[in-house]
$ cat protein.txt   # compact mmCIF, C-alpha atoms (C1' of nucleotides)
# COMPACT_ATOMS: atom_id res chain seq x y z
CA MET A 352 0.00 0.00 0.00
CA LYS A 353 3.01 2.22 0.09
CA ARG A 354 3.58 4.69 -2.69
CA LYS A 355 7.15 5.87 -2.81
CA SER A 356 7.85 9.31 -1.38
CA LEU A 357 5.20 10.66 0.91
CA ASP A 358 6.04 14.24 0.51
CA ARG A 359 8.30 14.86 -2.41
CA GLU A 360 5.75 13.98 -5.05
CA LYS A 361 5.70 16.66 -7.67
CA CYS A 362 2.46 15.63 -9.31
CA PRO A 363 -0.43 17.34 -7.57
CA ILE A 364 -2.65 14.37 -8.18
CA ALA A 365 -0.24 11.97 -6.57
CA ARG A 366 0.31 14.26 -3.66
CA THR A 367 -3.40 14.65 -3.16
CA LEU A 368 -3.86 10.92 -3.22
CA ASP A 369 -1.24 10.58 -0.53
CA VAL A 370 -3.43 12.67 1.71
CA ILE A 371 -6.92 11.49 0.92
CA GLY A 372 -6.42 8.63 -1.51
CA ASP A 373 -6.88 5.70 0.78
CA TRP A 374 -9.88 3.55 1.38
CA TRP A 375 -11.55 5.58 4.07
CA SER A 376 -10.42 9.17 4.17
CA LEU A 377 -12.75 10.50 1.53
CA LEU A 378 -15.69 8.76 3.12
CA ILE A 379 -14.80 10.37 6.40
CA VAL A 380 -14.68 13.72 4.67
CA ARG A 381 -18.01 12.98 3.04
CA ASP A 382 -19.54 12.28 6.41
CA ALA A 383 -17.99 15.43 7.76
CA PHE A 384 -19.79 17.35 5.03
CA LEU A 385 -22.97 15.64 6.09
CA GLY A 386 -22.52 17.10 9.54
CA LYS A 387 -20.91 14.25 11.39
CA ARG A 388 -18.37 15.39 13.93
CA ARG A 389 -17.78 12.81 16.59
CA PHE A 390 -15.64 9.73 16.59
CA GLY A 391 -18.59 7.51 17.27
CA GLU A 392 -20.66 9.02 14.51
CA PHE A 393 -18.02 8.29 11.93
CA GLN A 394 -17.43 4.83 13.27
CA LYS A 395 -21.06 3.92 13.25
CA SER A 396 -21.70 5.38 9.85
CA LEU A 397 -18.71 3.82 8.14
CA GLY A 398 -18.41 0.58 10.05
CA LEU A 399 -14.65 0.59 10.04
CA ALA A 400 -12.40 -0.58 12.84
CA LYS A 401 -11.88 1.96 15.55
CA ASN A 402 -8.13 1.89 15.41
CA ILE A 403 -8.17 2.60 11.70
CA LEU A 404 -10.62 5.41 12.15
CA SER A 405 -8.34 6.75 14.81
CA ARG A 406 -5.37 6.67 12.45
CA ARG A 407 -7.29 8.23 9.61
CA LEU A 408 -8.60 11.02 11.74
CA ARG A 409 -5.13 11.74 13.03
CA LYS A 410 -3.78 11.77 9.53
CA LEU A 411 -6.49 14.06 8.24
CA VAL A 412 -5.93 16.39 11.16
CA SER A 413 -2.19 16.36 10.65
CA HIS A 414 -2.71 17.33 7.03
CA GLY A 415 -5.05 20.10 7.97
CA VAL A 416 -8.17 18.65 6.41
CA LEU A 417 -9.93 18.29 9.72
CA GLU A 418 -9.35 20.01 12.99
CA VAL A 419 -10.23 18.95 16.48
CA GLY A 420 -12.17 21.23 18.72
CA ALA A 421 -14.29 21.19 21.81
CA ALA A 422 -17.68 19.61 21.28
CA SER A 423 -20.32 22.04 20.21
CA ASP A 424 -22.92 20.52 22.52
CA GLY A 425 -20.98 21.53 25.60
CA SER A 426 -19.86 18.05 26.53
CA ALA A 427 -16.22 17.52 27.37
CA TYR A 428 -15.60 15.39 24.30
CA GLN A 429 -13.85 16.66 21.25
CA GLU A 430 -15.06 16.74 17.72
CA TYR A 431 -13.63 16.76 14.24
CA VAL A 432 -14.68 19.42 11.81
CA LEU A 433 -13.58 20.33 8.34
CA THR A 434 -11.10 23.12 7.91
CA GLU A 435 -11.24 25.47 4.95
CA LYS A 436 -8.81 23.13 3.24
CA GLY A 437 -11.14 20.26 3.94
CA ARG A 438 -14.16 22.14 2.74
CA ARG A 439 -12.42 22.68 -0.56
CA LEU A 440 -12.67 18.95 -1.11
CA LEU A 441 -16.35 19.39 -1.82
CA ILE A 442 -15.76 19.62 -5.51
CA VAL A 443 -13.73 16.40 -5.44
CA LEU A 444 -16.54 14.59 -3.71
CA VAL A 445 -19.08 15.95 -6.12
CA ALA A 446 -16.93 14.88 -9.05
CA LEU A 447 -16.65 11.36 -7.66
CA ARG A 448 -20.32 11.34 -6.94
CA GLN A 449 -21.37 12.46 -10.36
CA TRP A 450 -19.10 9.95 -12.01
CA GLY A 451 -20.55 7.20 -9.89
CA GLU A 452 -24.07 8.31 -10.57
CA THR A 453 -23.70 8.34 -14.32
CA CYS A 454 -21.30 5.45 -14.79
CA LEU A 455 -21.98 3.04 -11.98
CA PHE A 456 -25.72 3.10 -11.44
CA GLU A 457 -28.51 1.58 -13.42
CA GLU A 458 -31.53 3.48 -14.46
CA GLY A 459 -33.77 3.98 -11.46
CA GLU A 460 -31.31 2.52 -9.04
CA LEU A 461 -30.22 5.85 -7.72
CA ASP A 462 -32.13 6.75 -4.64
CA LEU A 463 -30.41 9.83 -3.31
CA LEU A 464 -29.90 13.02 -5.20
CA LEU A 465 -27.69 15.99 -4.50
CA VAL A 466 -29.76 19.11 -4.88
CA ASP A 467 -29.38 22.81 -4.49
CA GLN A 468 -31.12 23.69 -1.28
CA LYS A 469 -32.65 26.87 -2.57
CA SER A 470 -34.21 25.61 -5.77
CA GLY A 471 -34.50 21.95 -4.86
CA GLN A 472 -33.06 21.20 -8.26
CA PRO A 473 -30.20 18.74 -8.79
CA VAL A 474 -26.86 20.46 -9.09
CA LYS A 475 -25.36 21.02 -12.48
CA PRO A 476 -22.88 18.46 -13.71
CA LEU A 477 -19.33 19.73 -13.32
CA GLU A 478 -17.67 21.02 -16.43
CA LEU A 479 -14.09 21.73 -17.24
CA ARG A 480 -13.74 25.09 -18.90
CA SER A 481 -11.03 27.30 -20.25
CA LYS A 482 -10.50 30.75 -18.87
CA ASP A 483 -12.60 32.16 -21.65
CA GLY A 484 -15.43 29.74 -21.07
CA ARG A 485 -15.07 26.99 -23.66
CA ILE A 486 -15.80 23.49 -22.43
CA LEU A 487 -12.69 21.35 -22.49
CA GLY A 488 -12.23 17.64 -23.04
CA PRO A 489 -9.26 15.34 -22.54
CA ASP A 490 -7.70 16.27 -25.85
CA ASP A 491 -7.82 19.98 -25.23
CA LEU A 492 -5.37 19.79 -22.38
CA ARG A 493 -1.64 19.98 -22.06
CA THR A 494 0.70 20.21 -19.13
CA VAL A 495 3.47 22.72 -19.35
CA GLY A 496 6.46 23.43 -17.14
CA THR A 497 6.56 26.69 -15.27
CA SER A 498 10.31 26.73 -15.00
CA ASP A 499 11.01 27.58 -18.62
CA MET B 706 -8.53 -2.76 2.74
CA LYS B 707 -11.91 -4.35 2.51
CA ARG B 708 -14.94 -2.13 2.62
CA LYS B 709 -18.11 -4.06 3.22
CA SER B 710 -20.21 -4.79 0.18
CA LEU B 711 -18.46 -4.41 -3.12
CA ASP B 712 -21.48 -3.85 -5.19
CA ARG B 713 -24.46 -3.03 -3.09
CA GLU B 714 -23.20 0.33 -1.95
CA LYS B 715 -25.91 2.85 -2.41
CA CYS B 716 -23.79 5.91 -2.01
CA PRO B 717 -22.35 6.91 -5.38
CA ILE B 718 -19.18 8.15 -3.75
CA ALA B 719 -18.57 4.89 -1.95
CA ARG B 720 -19.28 2.91 -5.06
CA THR B 721 -16.93 5.05 -7.08
CA LEU B 722 -14.21 4.58 -4.52
CA ASP B 723 -14.65 0.85 -4.78
CA VAL B 724 -13.73 1.09 -8.43
CA ILE B 725 -10.98 3.69 -8.47
CA GLY B 726 -10.40 4.47 -4.83
CA ASP B 727 -7.31 2.43 -4.17
CA TRP B 728 -3.71 3.48 -4.08
CA TRP B 729 -2.92 3.14 -7.74
CA SER B 730 -5.95 3.12 -9.97
CA LEU B 731 -6.33 6.85 -10.36
CA LEU B 732 -2.66 7.25 -11.13
CA ILE B 733 -3.01 4.61 -13.81
CA VAL B 734 -5.93 6.53 -15.22
CA ARG B 735 -3.93 9.74 -15.05
CA ASP B 736 -1.16 8.11 -17.04
CA ALA B 737 -3.68 6.80 -19.50
CA PHE B 738 -4.84 10.37 -20.05
CA LEU B 739 -1.23 11.31 -20.64
CA GLY B 740 -1.11 8.83 -23.47
CA LYS B 741 0.41 5.80 -21.82
CA ARG B 742 -1.00 2.55 -23.09
CA ARG B 743 1.33 -0.33 -22.50
CA PHE B 744 1.93 -2.40 -19.41
CA GLY B 745 5.58 -1.47 -19.35
CA GLU B 746 4.87 2.22 -19.69
CA PHE B 747 2.60 2.22 -16.67
CA GLN B 748 4.98 0.12 -14.69
CA LYS B 749 7.96 2.29 -15.42
CA SER B 750 6.08 5.50 -14.82
CA LEU B 751 4.48 4.47 -11.56
CA GLY B 752 7.14 2.20 -10.20
CA LEU B 753 4.67 -0.25 -8.76
CA ALA B 754 5.05 -4.00 -8.61
CA LYS B 755 4.11 -5.80 -11.78
CA ASN B 756 1.72 -8.17 -10.12
CA ILE B 757 -0.30 -5.42 -8.61
CA LEU B 758 -0.27 -3.39 -11.81
CA SER B 759 -1.58 -6.50 -13.45
CA ARG B 760 -4.38 -6.75 -10.92
CA ARG B 761 -5.25 -3.08 -11.17
CA LEU B 762 -5.39 -3.16 -14.94
CA ARG B 763 -7.62 -6.21 -14.83
CA LYS B 764 -9.88 -4.54 -12.35
CA LEU B 765 -10.11 -1.33 -14.32
CA VAL B 766 -10.85 -3.30 -17.45
CA SER B 767 -13.46 -5.38 -15.68
CA HIS B 768 -15.17 -2.21 -14.54
CA GLY B 769 -15.07 -0.74 -17.99
CA VAL B 770 -12.71 2.10 -17.26
CA LEU B 771 -10.03 0.75 -19.55
CA GLU B 772 -10.25 -1.62 -22.46
CA VAL B 773 -7.64 -3.82 -23.99
CA GLY B 774 -6.97 -3.69 -27.66
CA ALA B 775 -4.36 -4.62 -30.19
CA ALA B 776 -1.32 -2.40 -30.05
CA SER B 777 -1.54 0.61 -32.28
CA ASP B 778 2.04 0.20 -33.46
CA GLY B 779 1.29 -3.10 -35.16
CA SER B 780 3.14 -5.27 -32.68
CA ALA B 781 1.43 -8.33 -31.32
CA TYR B 782 1.21 -6.88 -27.82
CA GLN B 783 -1.90 -5.45 -26.35
CA GLU B 784 -2.53 -2.06 -24.94
CA TYR B 785 -4.85 -0.46 -22.45
CA VAL B 786 -6.86 2.57 -23.42
CA LEU B 787 -9.52 4.57 -21.68
CA THR B 788 -13.13 3.87 -22.50
CA GLU B 789 -15.72 6.60 -22.58
CA LYS B 790 -16.44 5.78 -18.97
CA GLY B 791 -12.78 6.15 -18.19
CA ARG B 792 -12.52 9.42 -20.03
CA ARG B 793 -15.29 10.77 -17.88
CA LEU B 794 -12.92 10.53 -14.97
CA LEU B 795 -11.09 13.55 -16.31
CA ILE B 796 -13.06 15.89 -14.16
CA VAL B 797 -12.26 13.83 -11.09
CA LEU B 798 -8.58 14.01 -11.83
CA VAL B 799 -8.75 17.71 -12.45
CA ALA B 800 -10.59 18.21 -9.17
CA LEU B 801 -7.94 16.25 -7.31
CA ARG B 802 -5.25 18.12 -9.12
CA GLN B 803 -6.64 21.54 -8.40
CA TRP B 804 -7.12 20.72 -4.77
CA GLY B 805 -3.55 19.52 -4.54
CA GLU B 806 -2.25 22.57 -6.33
CA THR B 807 -3.97 25.04 -4.08
CA CYS B 808 -3.85 23.19 -0.79
CA LEU B 809 -0.72 21.08 -0.89
CA PHE B 810 1.86 23.13 -2.70
CA GLU B 811 3.89 26.07 -1.55
CA GLU B 812 4.19 29.21 -3.52
CA GLY B 813 6.50 28.64 -6.46
CA GLU B 814 6.81 24.93 -5.81
CA LEU B 815 4.43 23.97 -8.54
CA ASP B 816 6.28 23.16 -11.68
CA LEU B 817 3.67 21.73 -14.00
CA LEU B 818 0.53 23.45 -15.05
CA LEU B 819 -2.56 22.16 -16.74
CA VAL B 820 -3.40 24.44 -19.61
CA ASP B 821 -5.92 24.73 -22.36
CA GLN B 822 -4.12 23.70 -25.50
CA LYS B 823 -5.70 26.32 -27.65
CA SER B 824 -5.09 29.40 -25.56
CA GLY B 825 -2.17 28.17 -23.53
CA GLN B 826 -3.93 29.51 -20.48
CA PRO B 827 -4.40 27.49 -17.29
CA VAL B 828 -7.81 25.92 -17.07
CA LYS B 829 -10.46 27.52 -14.97
CA PRO B 830 -10.90 26.24 -11.44
CA LEU B 831 -13.88 23.93 -11.21
CA GLU B 832 -17.02 25.38 -9.76
CA LEU B 833 -20.12 23.80 -8.41
CA ARG B 834 -23.18 25.49 -9.77
CA SER B 835 -26.91 25.18 -9.54
CA LYS B 836 -28.98 24.58 -12.63
CA ASP B 837 -29.60 28.29 -12.89
CA GLY B 838 -25.97 29.18 -12.56
CA ARG B 839 -25.42 30.21 -8.97
CA ILE B 840 -22.17 29.03 -7.43
CA LEU B 841 -22.83 26.60 -4.61
CA GLY B 842 -20.93 25.92 -1.44
CA PRO B 843 -21.15 23.10 1.11
CA ASP B 844 -24.06 24.70 2.92
CA ASP B 845 -26.16 25.12 -0.17
CA LEU B 846 -26.52 21.41 -0.69
CA ARG B 847 -28.96 18.79 0.44
CA THR B 848 -29.47 15.18 -0.48
CA VAL B 849 -33.00 14.06 -1.09
CA GLY B 850 -34.55 10.69 -1.68
CA THR B 851 -36.03 9.94 -5.08
CA SER B 852 -38.41 7.32 -3.84
CA ASP B 853 -40.81 9.63 -2.04
C1' DG C 147 -19.55 9.65 45.93
C1' DC C 148 -20.38 5.12 43.89
C1' DT C 149 -22.21 2.32 40.21
C1' DT C 150 -23.73 1.96 35.30
C1' DG C 151 -23.35 2.76 30.80
C1' DA C 152 -21.85 5.34 26.88
C1' DT C 153 -17.85 7.69 24.58
C1' DG C 154 -13.32 7.75 22.63
C1' DG C 155 -10.00 5.72 22.16
C1' DT C 156 -5.27 2.04 22.49
C1' DT C 157 -3.28 -2.62 22.38
C1' DT C 158 -2.91 -7.24 20.69
C1' DA C 159 -3.41 -11.02 17.65
C1' DA C 160 -5.19 -12.77 13.15
C1' DT C 161 -5.80 -12.00 8.33
C1' DA C 162 -5.61 -9.83 3.94
C1' DA C 163 -3.29 -7.08 0.79
C1' DA C 164 0.89 -4.88 -1.17
C1' DG C 165 5.75 -5.25 -2.35
C1' DC C 166 9.73 -7.90 -4.03
C1' DA C 167 12.26 -11.13 -6.60
C1' DA C 168 12.50 -14.92 -9.39
C1' DC C 169 10.68 -17.23 -13.14
C1' DC C 170 8.32 -18.04 -17.72
C1' DA C 171 6.08 -17.80 -22.29
C1' DC C 172 6.07 -15.40 -26.24
C1' DA C 173 7.84 -11.83 -29.73
C1' DT C 174 11.10 -9.41 -31.77
C1' DT C 175 16.05 -8.44 -33.03
C1' DC C 176 20.34 -9.77 -34.38
C1' DG D 1285 18.80 -19.72 -33.06
C1' DA D 1286 20.59 -16.84 -29.22
C1' DA D 1287 19.68 -12.76 -26.96
C1' DT D 1288 16.75 -9.38 -25.45
C1' DG D 1289 12.36 -6.97 -24.33
C1' DT D 1290 7.49 -7.39 -23.17
C1' DG D 1291 3.84 -8.93 -20.35
C1' DG D 1292 2.87 -11.19 -17.27
C1' DT D 1293 2.49 -15.28 -13.01
C1' DT D 1294 4.06 -17.59 -8.77
C1' DG D 1295 5.75 -17.77 -4.20
C1' DC D 1296 7.56 -15.47 -0.22
C1' DT D 1297 8.10 -11.40 2.87
C1' DT D 1298 6.49 -7.24 4.72
C1' DT D 1299 3.03 -4.06 5.77
C1' DA D 1300 -1.79 -2.63 6.53
C1' DT D 1301 -6.41 -3.72 7.85
C1' DT D 1302 -9.56 -5.98 10.83
C1' DA D 1303 -11.77 -7.69 14.89
C1' DA D 1304 -11.78 -8.14 19.61
C1' DA D 1305 -10.53 -7.18 24.06
C1' DC D 1306 -9.27 -3.78 27.13
C1' DC D 1307 -9.19 0.97 29.43
C1' DA D 1308 -9.67 5.69 30.82
C1' DT D 1309 -12.83 9.42 30.98
C1' DC D 1310 -17.36 11.40 31.12
C1' DA D 1311 -22.47 11.74 32.27
C1' DA D 1312 -26.46 10.07 34.72
C1' DG D 1313 -28.83 7.82 38.31
C1' DC D 1314 -29.29 7.24 43.03
$ encode --input "protein.txt" --output "structure tokens"
Amino acid sequence: MKRKSLDREKCPIARTLDVIGDWWSLLIVRDAFLGKRRFGEFQKSLGLAKNILSRRLRKLVSHGVLEVGAASDGSAYQEYVLTEKGRRLLIVLVALRQWGETCLFEEGELDLLLVDQKSGQPVKPLELRSKDGRILGPDDLRTVGTSD
Amino acid sequence: MKRKSLDREKCPIARTLDVIGDWWSLLIVRDAFLGKRRFGEFQKSLGLAKNILSRRLRKLVSHGVLEVGAASDGSAYQEYVLTEKGRRLLIVLVALRQWGETCLFEEGELDLLLVDQKSGQPVKPLELRSKDGRILGPDDLRTVGTSD
DNA sequence: GCTTGATGGTTTAATAAAGCAACCACATTC
DNA sequence: GAATGTGGTTGCTTTATTAAACCATCAAGC
């Protein structure tokens, strides 16, 4: 399960996957978006072993995706909430979700929909666009070095 | 590494992660987008063990993300290319990439940029929008059941 | 203030997966 | 037809995940 260098990866995708690319982290983040905050909530929702959850939470905190704070309900327990960095993962989750919805589900099988609260309408599928607004596909892209 | 039910997951995110959520699959897909097609190319680029590359490729093929075909250079070897389903993962990769770029890299550390081929300009950051065009954040979303 | 039960973990032992190295069949090159 | 490169597989070791037991702290009842 070990990819080579933890930190010296130059590819942003690889580096991202080192932080949230394992089996559970993104599901933890998903649950965090759904309002879950406490250890037990995550554990119950995900059904993973407690020690693993413990490790994942620590890792996510150490990477600044989650932060621990005093419980909002006044109890002495702590809770895990998304940081700004973590909240920026929303678009990643939505991308995964939309891909799953369109590519992995049969007609009519889908029973939960992500909607805009205000209009009640499903959100718009994500699109990749150029600065000037054209929709881009795989063949319209290139990677270039910045150190030229 | 085992999450409970492989197939009966109802959450699109979880189901997606079952297909491409392991340590290597998305990097394989990334390389496929970059034009890599042959076993050896992936192996050299990623530096992963051959047996697990073999497993990952099989899995991706079995899920319809990649397909095997005769080599384009006329040799008797086979090659792995993205299917339509696989190509739709572009947006996921871009989302991961953009998150990594903004949240995991220091100023000036980034040395490769994803640009629109035509204009040479970096692509636009992904945005989550409602059907009528408003930009949405985490708090603007809700999930609703379709079976009501 | 002592017991009971839930919460939030850690430790330990078993198992499953990833990594490594050797090997092998087949194709191509010389 | 010997050598080399490609595309794997097999078996063994190492590492990660899991499940279960254990434990400290907190909250509630009495």
$ closest_residue --input "protein.txt" --among "B:Gly805, B:Gly791, B:Gly825, B:Phe810" --to "chain A" --atoms "all atoms listed in the file"
B:Gly805
$ atom_distance --input "protein.txt" --atom1 "CA of Gly398 in chain A" --atom2 "CA of Tyr431 in chain A"
17.4 Å
$ atom_distance --input "protein.txt" --atom1 "CA of Thr721 in chain B" --atom2 "CA of Leu455 in chain A"
7.3 Å
$ residues_around --input "protein.txt" --residues "DG154 in chain C" --least-positions-apart "3" --cutoff "10 Å" --atoms "only C-alpha atoms (C1' of nucleotides)" --output "list in words"
Arg389, Phe390, Gly391, Lys401, Ser405, Tyr428 and Gln429 of chain A; DA1308 and DT1309 of chain D
$ write_last_selection --input "protein.txt" --atoms "C-alpha atoms (C1' of nucleotides)" --output "CSV table (one decimal), in the frame of the given file"
chain,number,residue,atom,x,y,z
A,389,ARG,CA,-17.8,12.8,16.6
A,390,PHE,CA,-15.6,9.7,16.6
A,391,GLY,CA,-18.6,7.5,17.3
A,401,LYS,CA,-11.9,2.0,15.6
A,405,SER,CA,-8.3,6.8,14.8
A,428,TYR,CA,-15.6,15.4,24.3
A,429,GLN,CA,-13.8,16.7,21.2
D,1308,DA,C1',-9.7,5.7,30.8
D,1309,DT,C1',-12.8,9.4,31.0
$ interface_residues --input "protein.txt" --of "chain C" --to "chain A" --cutoff "9 Å" --atoms "all atoms listed in the file" --output "JSON, numbers by chain"
{"C": [153, 154, 155, 156, 163, 164, 165]}
$ interface_residues --input "protein.txt" --of "chain B" --to "chain A" --cutoff "6 Å" --atoms "all atoms listed in the file" --output "list in words"
Pro717, Ile718, Thr721, Asp727, Val797, Ala800, Leu801, Arg802, Gly805, Glu806, Asp816, Leu817, Leu818, Leu819, Val820, Asp821, Gln822, Val828, Lys829, Arg834, Ser835, Lys836, Asp845, Leu846, Arg847, Thr848, Val849, Gly850 and Thr851 of chain B
$ residues_near_point --input "protein.txt" --point "(-26.9, 3.0, 38.7)" --cutoff "10 Å" --atoms "only C-alpha atoms (C1' of nucleotides)" --output "list in words"
DC148, DT149, DT150 and DG151 of chain C; DA1312, DG1313 and DC1314 of chain D
$ closest_residue --input "protein.txt" --among "A:Leu433, A:Ala421, A:Ala383, A:Ala427" --to "chain D" --atoms "all atoms listed in the file"
A:Ala427
$ calpha_fit_and_write --input "protein.txt" --fixed "chain B" --moving "chain A" --output "short mmCIF file (atom, residue, chain, number, x, y, z; two decimals) with C-alpha atoms, keeping the file's coordinate frame"
data_model
loop_
_atom_site.label_atom_id
_atom_site.label_comp_id
_atom_site.auth_asym_id
_atom_site.auth_seq_id
_atom_site.Cartn_x
_atom_site.Cartn_y
_atom_site.Cartn_z
CA MET A 352 -8.40 -2.65 3.11
CA LYS A 353 -11.77 -4.19 2.61
CA ARG A 354 -14.83 -2.01 2.61
CA LYS A 355 -17.97 -4.00 3.21
CA SER A 356 -20.11 -4.75 0.17
CA LEU A 357 -18.37 -4.39 -3.14
CA ASP A 358 -21.40 -3.87 -5.19
CA ARG A 359 -24.42 -3.09 -3.11
CA GLU A 360 -23.21 0.30 -1.97
CA LYS A 361 -25.95 2.82 -2.46
CA CYS A 362 -23.81 5.90 -2.04
CA PRO A 363 -22.36 6.89 -5.39
CA ILE A 364 -19.22 8.14 -3.75
CA ALA A 365 -18.60 4.88 -1.98
CA ARG A 366 -19.31 2.90 -5.07
CA THR A 367 -16.96 5.04 -7.08
CA LEU A 368 -14.25 4.57 -4.51
CA ASP A 369 -14.69 0.84 -4.77
CA VAL A 370 -13.75 1.09 -8.41
CA ILE A 371 -11.02 3.69 -8.46
CA GLY A 372 -10.43 4.51 -4.81
CA ASP A 373 -7.33 2.51 -4.15
CA TRP A 374 -3.74 3.56 -4.10
CA TRP A 375 -2.92 3.14 -7.74
CA SER A 376 -5.96 3.10 -9.97
CA LEU A 377 -6.34 6.83 -10.35
CA LEU A 378 -2.67 7.21 -11.13
CA ILE A 379 -3.02 4.60 -13.81
CA VAL A 380 -5.95 6.50 -15.22
CA ARG A 381 -3.94 9.70 -15.05
CA ASP A 382 -1.17 8.10 -17.05
CA ALA A 383 -3.71 6.79 -19.50
CA PHE A 384 -4.85 10.36 -20.05
CA LEU A 385 -1.26 11.29 -20.64
CA GLY A 386 -1.15 8.81 -23.48
CA LYS A 387 0.38 5.80 -21.83
CA ARG A 388 -1.03 2.54 -23.11
CA ARG A 389 1.31 -0.33 -22.50
CA PHE A 390 1.92 -2.40 -19.43
CA GLY A 391 5.55 -1.45 -19.35
CA GLU A 392 4.84 2.24 -19.69
CA PHE A 393 2.59 2.23 -16.67
CA GLN A 394 4.98 0.12 -14.69
CA LYS A 395 7.93 2.31 -15.42
CA SER A 396 6.07 5.51 -14.81
CA LEU A 397 4.47 4.47 -11.55
CA GLY A 398 7.13 2.18 -10.15
CA LEU A 399 4.67 -0.26 -8.69
CA ALA A 400 5.06 -4.01 -8.55
CA LYS A 401 4.13 -5.77 -11.73
CA ASN A 402 1.68 -8.13 -10.14
CA ILE A 403 -0.21 -5.26 -8.58
CA LEU A 404 -0.27 -3.38 -11.83
CA SER A 405 -1.59 -6.51 -13.42
CA ARG A 406 -4.39 -6.75 -10.87
CA ARG A 407 -5.26 -3.09 -11.15
CA LEU A 408 -5.40 -3.18 -14.89
CA ARG A 409 -7.62 -6.23 -14.79
CA LYS A 410 -9.88 -4.56 -12.31
CA LEU A 411 -10.11 -1.36 -14.30
CA VAL A 412 -10.86 -3.34 -17.43
CA SER A 413 -13.47 -5.41 -15.67
CA HIS A 414 -15.18 -2.24 -14.53
CA GLY A 415 -15.09 -0.79 -17.98
CA VAL A 416 -12.72 2.06 -17.26
CA LEU A 417 -10.05 0.73 -19.55
CA GLU A 418 -10.27 -1.66 -22.43
CA VAL A 419 -7.65 -3.85 -23.97
CA GLY A 420 -7.00 -3.72 -27.65
CA ALA A 421 -4.39 -4.59 -30.19
CA ALA A 422 -1.36 -2.34 -30.06
CA SER A 423 -1.64 0.69 -32.25
CA ASP A 424 1.94 0.38 -33.46
CA GLY A 425 1.23 -2.91 -35.19
CA SER A 426 3.13 -5.07 -32.74
CA ALA A 427 1.43 -8.16 -31.42
CA TYR A 428 1.22 -6.80 -27.89
CA GLN A 429 -1.94 -5.45 -26.41
CA GLU A 430 -2.58 -2.08 -24.94
CA TYR A 431 -4.88 -0.48 -22.43
CA VAL A 432 -6.88 2.55 -23.40
CA LEU A 433 -9.54 4.55 -21.67
CA THR A 434 -13.14 3.85 -22.50
CA GLU A 435 -15.74 6.60 -22.59
CA LYS A 436 -16.46 5.75 -18.97
CA GLY A 437 -12.80 6.14 -18.19
CA ARG A 438 -12.53 9.39 -20.05
CA ARG A 439 -15.30 10.77 -17.90
CA LEU A 440 -12.92 10.52 -14.97
CA LEU A 441 -11.09 13.53 -16.32
CA ILE A 442 -13.07 15.88 -14.17
CA VAL A 443 -12.26 13.81 -11.08
CA LEU A 444 -8.58 13.99 -11.84
CA VAL A 445 -8.75 17.70 -12.45
CA ALA A 446 -10.60 18.19 -9.18
CA LEU A 447 -7.95 16.24 -7.30
CA ARG A 448 -5.26 18.10 -9.12
CA GLN A 449 -6.64 21.51 -8.40
CA TRP A 450 -7.13 20.69 -4.76
CA GLY A 451 -3.57 19.50 -4.53
CA GLU A 452 -2.27 22.53 -6.32
CA THR A 453 -3.99 25.02 -4.07
CA CYS A 454 -3.85 23.17 -0.77
CA LEU A 455 -0.74 21.05 -0.87
CA PHE A 456 1.86 23.11 -2.68
CA GLU A 457 3.90 26.04 -1.54
CA GLU A 458 4.22 29.17 -3.50
CA GLY A 459 6.52 28.56 -6.43
CA GLU A 460 6.81 24.88 -5.78
CA LEU A 461 4.45 23.94 -8.53
CA ASP A 462 6.31 23.14 -11.67
CA LEU A 463 3.70 21.72 -13.99
CA LEU A 464 0.56 23.45 -15.05
CA LEU A 465 -2.54 22.14 -16.74
CA VAL A 466 -3.38 24.44 -19.60
CA ASP A 467 -5.88 24.71 -22.37
CA GLN A 468 -4.07 23.70 -25.50
CA LYS A 469 -5.65 26.33 -27.68
CA SER A 470 -5.06 29.40 -25.56
CA GLY A 471 -2.13 28.13 -23.52
CA GLN A 472 -3.91 29.50 -20.49
CA PRO A 473 -4.37 27.49 -17.29
CA VAL A 474 -7.78 25.90 -17.08
CA LYS A 475 -10.45 27.51 -14.98
CA PRO A 476 -10.87 26.23 -11.46
CA LEU A 477 -13.86 23.91 -11.22
CA GLU A 478 -16.99 25.36 -9.76
CA LEU A 479 -20.10 23.77 -8.43
CA ARG A 480 -23.17 25.48 -9.79
CA SER A 481 -26.90 25.17 -9.58
CA LYS A 482 -28.95 24.57 -12.67
CA ASP A 483 -29.59 28.26 -12.94
CA GLY A 484 -25.94 29.16 -12.61
CA ARG A 485 -25.40 30.21 -9.00
CA ILE A 486 -22.16 29.04 -7.44
CA LEU A 487 -22.82 26.59 -4.64
CA GLY A 488 -20.91 25.89 -1.45
CA PRO A 489 -21.15 23.09 1.10
CA ASP A 490 -24.07 24.68 2.90
CA ASP A 491 -26.16 25.11 -0.20
CA LEU A 492 -26.52 21.40 -0.72
CA ARG A 493 -28.95 18.78 0.41
CA THR A 494 -29.48 15.17 -0.50
CA VAL A 495 -33.00 14.07 -1.13
CA GLY A 496 -34.55 10.67 -1.73
CA THR A 497 -36.01 9.95 -5.12
CA SER A 498 -38.37 7.32 -3.84
CA ASP A 499 -40.79 9.67 -2.14
#
$ interface_residues --input "protein.txt" --of "chain D" --to "chain A" --cutoff "12 Å" --atoms "all atoms listed in the file" --output "list in words"
DT1298, DT1299, DA1300, DT1301, DT1302, DA1303, DA1304, DT1309, DC1310 and DA1311 of chain D
$ closest_residue --input "protein.txt" --among "C:DA152, C:DA159, C:DC176, C:DC170" --to "DG1285 in chain D" --atoms "all atoms listed in the file"
C:DC176
$ atom_distance --input "protein.txt" --atom1 "C1' of DC1307 in chain D" --atom2 "CA of Lys410 in chain A"
23.3 Å
$ residues_near_point --input "protein.txt" --point "(3.1, -21.1, -9.7)" --cutoff "12 Å" --atoms "only C-alpha atoms (C1' of nucleotides)" --output "number ranges by chain"
C: 168-170; D: 1293-1296
